[in-house]
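Please read the structure below before turning to the comments.
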Amino acid sequence: MKKVALYARVSTDKQSCENQLIELRATASRMGYEVVQEFVDNGISGAKGRKDRPALDTMMKMATQRRFDMVMVWSIDRLGRSLQHLIELLNELHSMNIDLFFQQQSIDTTTPTGKMMFSIMGALGAYERELIRARVKQGLEVAKSKGVKLGRPSNITESTKTAVKLLVEKGMGVREICRHLEIGACSFYKITRDTTA
């Protein structure tokens, strides 16, 4: 007998998860599945990540212990509203060989059609990540073309540069200079390279 976990979520405290659970229990019973646990997040937005949804987090931890073979959810948007978060959860469950069932969308990853839908969702997630990467890269290139200096601001001040130059001229060693000025060797070599260039 397949062991299943039920997951339900509502966004506000004024709503109830009971209707979702009633339908899922009935479906599990009809399919001959044993419900081992119900996980309910009340009054939590689907846009929130796993760490902000205690029931979801507990369910995922129990999944690693193989306490169930399938997660049944009333609708995809109950599991997650962000495609990125949703794909991460789906991939994590898939890597543990835990199937998924979404009642409203009639997606069951134990069937060939469900497996295909799962693959399509994975491909969409990868496509979204590539789009984000491309947008970030394009944004950085535009910023560079406008003369914006990228990266962390340098903590090397003009007085530090002057001090390094003077101490080098006095014949002090690299380690001693770095210790005296409380700078790293990389900063020392960057300063000396810039002043000799």
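In the structure tokens, chains take letters A, B, ... by order of appearance, with residues numbered from 1 within each chain and ligands from 1 in the order shown.
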Would you pick out the contacts of Ser45 of chain A at 12 Å or less, using only C-alpha atoms, so that residues sharing its chain but fewer than 6 positions from it are not included, and give the list as an MDAnalysis selection string? chainID A and resid 8:13 15 52:53 77:82
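Around Lys61 of chain A, within 12 Å and counting only C-alpha atoms, the residues found are Phe39, Arg50, Lys51, Pro54, Ala55, Leu56, Asp57, Thr58, Thr64, Gln65, Arg66, Arg67, Phe68, Leu89, Glu92, Leu93 and Met96 of chain A, once anything fewer than 3 positions away on its own chain is removed.
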Using N, CA and C atoms, can you export the residues from the last selection as a short mmCIF file (atom, residue, chain, number, x, y, z; two decimals), in the first residue's frame?
```
data_model
loop_
_atom_site.label_atom_id
_atom_site.label_comp_id
_atom_site.auth_asym_id
_atom_site.auth_seq_id
_atom_site.Cartn_x
_atom_site.Cartn_y
_atom_site.Cartn_z
N PHE A 39 0.08 17.75 6.61
CA PHE A 39 0.90 18.92 6.90
C PHE A 39 0.11 20.15 6.47
N ARG A 50 10.50 27.85 1.89
CA ARG A 50 10.36 26.70 2.79
C ARG A 50 10.62 27.06 4.25
N LYS A 51 11.63 27.89 4.50
CA LYS A 51 11.99 28.21 5.89
C LYS A 51 10.90 29.01 6.60
N PRO A 54 6.48 26.34 8.24
CA PRO A 54 6.90 25.26 9.14
C PRO A 54 6.41 23.86 8.75
N ALA A 55 5.16 23.75 8.32
CA ALA A 55 4.63 22.43 7.96
C ALA A 55 5.34 21.88 6.72
N LEU A 56 5.56 22.74 5.74
CA LEU A 56 6.27 22.33 4.52
C LEU A 56 7.69 21.89 4.86
N ASP A 57 8.36 22.66 5.73
CA ASP A 57 9.72 22.32 6.12
C ASP A 57 9.77 20.96 6.82
N THR A 58 8.83 20.73 7.74
CA THR A 58 8.76 19.45 8.45
C THR A 58 8.50 18.31 7.47
N THR A 64 13.03 13.08 3.61
CA THR A 64 14.39 12.53 3.57
C THR A 64 14.49 11.23 4.35
N GLN A 65 13.55 11.03 5.30
CA GLN A 65 13.53 9.79 6.09
C GLN A 65 12.66 8.72 5.44
N ARG A 66 12.14 9.06 4.24
CA ARG A 66 11.31 8.11 3.46
C ARG A 66 10.10 7.62 4.27
N ARG A 67 9.44 8.55 4.97
CA ARG A 67 8.26 8.19 5.77
C ARG A 67 7.02 7.99 4.88
N PHE A 68 7.10 8.48 3.64
CA PHE A 68 5.98 8.34 2.70
C PHE A 68 6.53 8.24 1.28
N LEU A 89 11.37 22.43 -4.95
CA LEU A 89 10.67 21.42 -4.14
C LEU A 89 10.43 20.15 -4.95
N GLU A 92 13.65 18.27 -5.44
CA GLU A 92 14.10 17.64 -4.19
C GLU A 92 13.31 16.36 -3.91
N LEU A 93 11.99 16.44 -4.07
CA LEU A 93 11.16 15.24 -3.87
C LEU A 93 11.48 14.16 -4.91
N MET A 96 14.42 12.06 -4.19
CA MET A 96 14.20 11.06 -3.13
C MET A 96 13.21 9.98 -3.57
#
```
Point-to-point distance in Å for atom CA of Glu38 of chain A and atom CA of Trp74 of chain A: 12.2 Å
When DSSP works through the backbone of this structure, what residues of segment 8-192 of chain A end up as strand (DSSP E or B), shown as a list in words?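 Filtering segment 8-192 of chain A to strand (DSSP E or B) leaves Ala8, Arg9, Glu34, Val35, Val36, Gln37, Glu38, Phe39, Val40, Asp41, Met70, Val71, Met72, Val73, Asp99, Leu100, Phe101, Phe102, Ile107 and Asp108 of chain A.
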As a PyMOL selection string, please: every residue in segment 15-193 of chain A that a backbone DSSP assignment puts in helix (DSSP H, G or I). chain A and resi 18-30+50-52+54-64+76-79+83-95+112-145+158-169+174-181+185-193
A:Ile156, A:Leu181, A:Met60, A:Leu90: which is nearest Asp194 of chain A, counting only C-alpha atoms?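 When distances to Asp194 of chain A are compared using only C-alpha atoms, the smallest one comes from A:Ile156.
Using only C-alpha atoms for every distance, the candidate list A:Met72, A:Val142, A:Met121, A:Leu86 yields A:Leu86 as the residue closest to Ala47 of chain A.
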Please list as a ChimeraX atom specification every residue within 12 Å of Met117 of chain A, counting only C-alpha atoms and excluding residues in the same chain fewer than 2 positions away. /A:87,90,100-102,105-115,119-124
Take the residues from that selection and put them in a file with C-alpha atoms, as a CSV table (one decimal), in the first residue's frame.
```csv
chain,number,residue,atom,x,y,z
A,87,ILE,CA,10.8,23.6,-9.1
A,90,LEU,CA,9.7,19.2,-7.0
A,100,LEU,CA,3.6,14.0,-6.5
A,101,PHE,CA,-0.2,14.3,-7.0
A,102,PHE,CA,-2.0,17.5,-7.7
A,105,GLN,CA,-4.5,19.7,-12.3
A,106,SER,CA,-4.9,15.9,-12.4
A,107,ILE,CA,-1.1,15.5,-12.3
A,108,ASP,CA,0.2,12.2,-10.9
A,109,THR,CA,3.9,11.6,-11.4
A,110,THR,CA,3.3,7.8,-11.1
A,111,THR,CA,1.7,8.0,-14.6
A,112,PRO,CA,3.5,8.6,-17.9
A,113,THR,CA,1.6,11.8,-18.4
A,114,GLY,CA,2.5,13.0,-14.9
A,115,LYS,CA,6.1,12.2,-15.5
A,119,SER,CA,9.8,17.1,-17.0
A,120,ILE,CA,8.1,20.1,-18.6
A,121,MET,CA,8.0,22.0,-15.3
A,122,GLY,CA,11.7,21.2,-14.7
A,123,ALA,CA,12.5,22.5,-18.2
A,124,LEU,CA,10.5,25.7,-17.5
```
Atom CA of Thr192 of chain A and atom CA of Thr162 of chain A are how many Å apart?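 One can read the atom CA of Thr192 of chain A to atom CA of Thr162 of chain A distance as 10.3 Å.
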What is the atom CA of Leu21 of chain A-atom CA of Leu83 of chain A distance in Å, reported with one decimal?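 Interatomic distance here is 23.5 Å.
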Give me the residues near Ala28 of chain A as an MDAnalysis selection string, where near means some atom within 10 Å (using only C-alpha atoms) and where sequence neighbours in that chain fewer than 5 positions away do not count. chainID A and resid 2:6 23 33:35 72
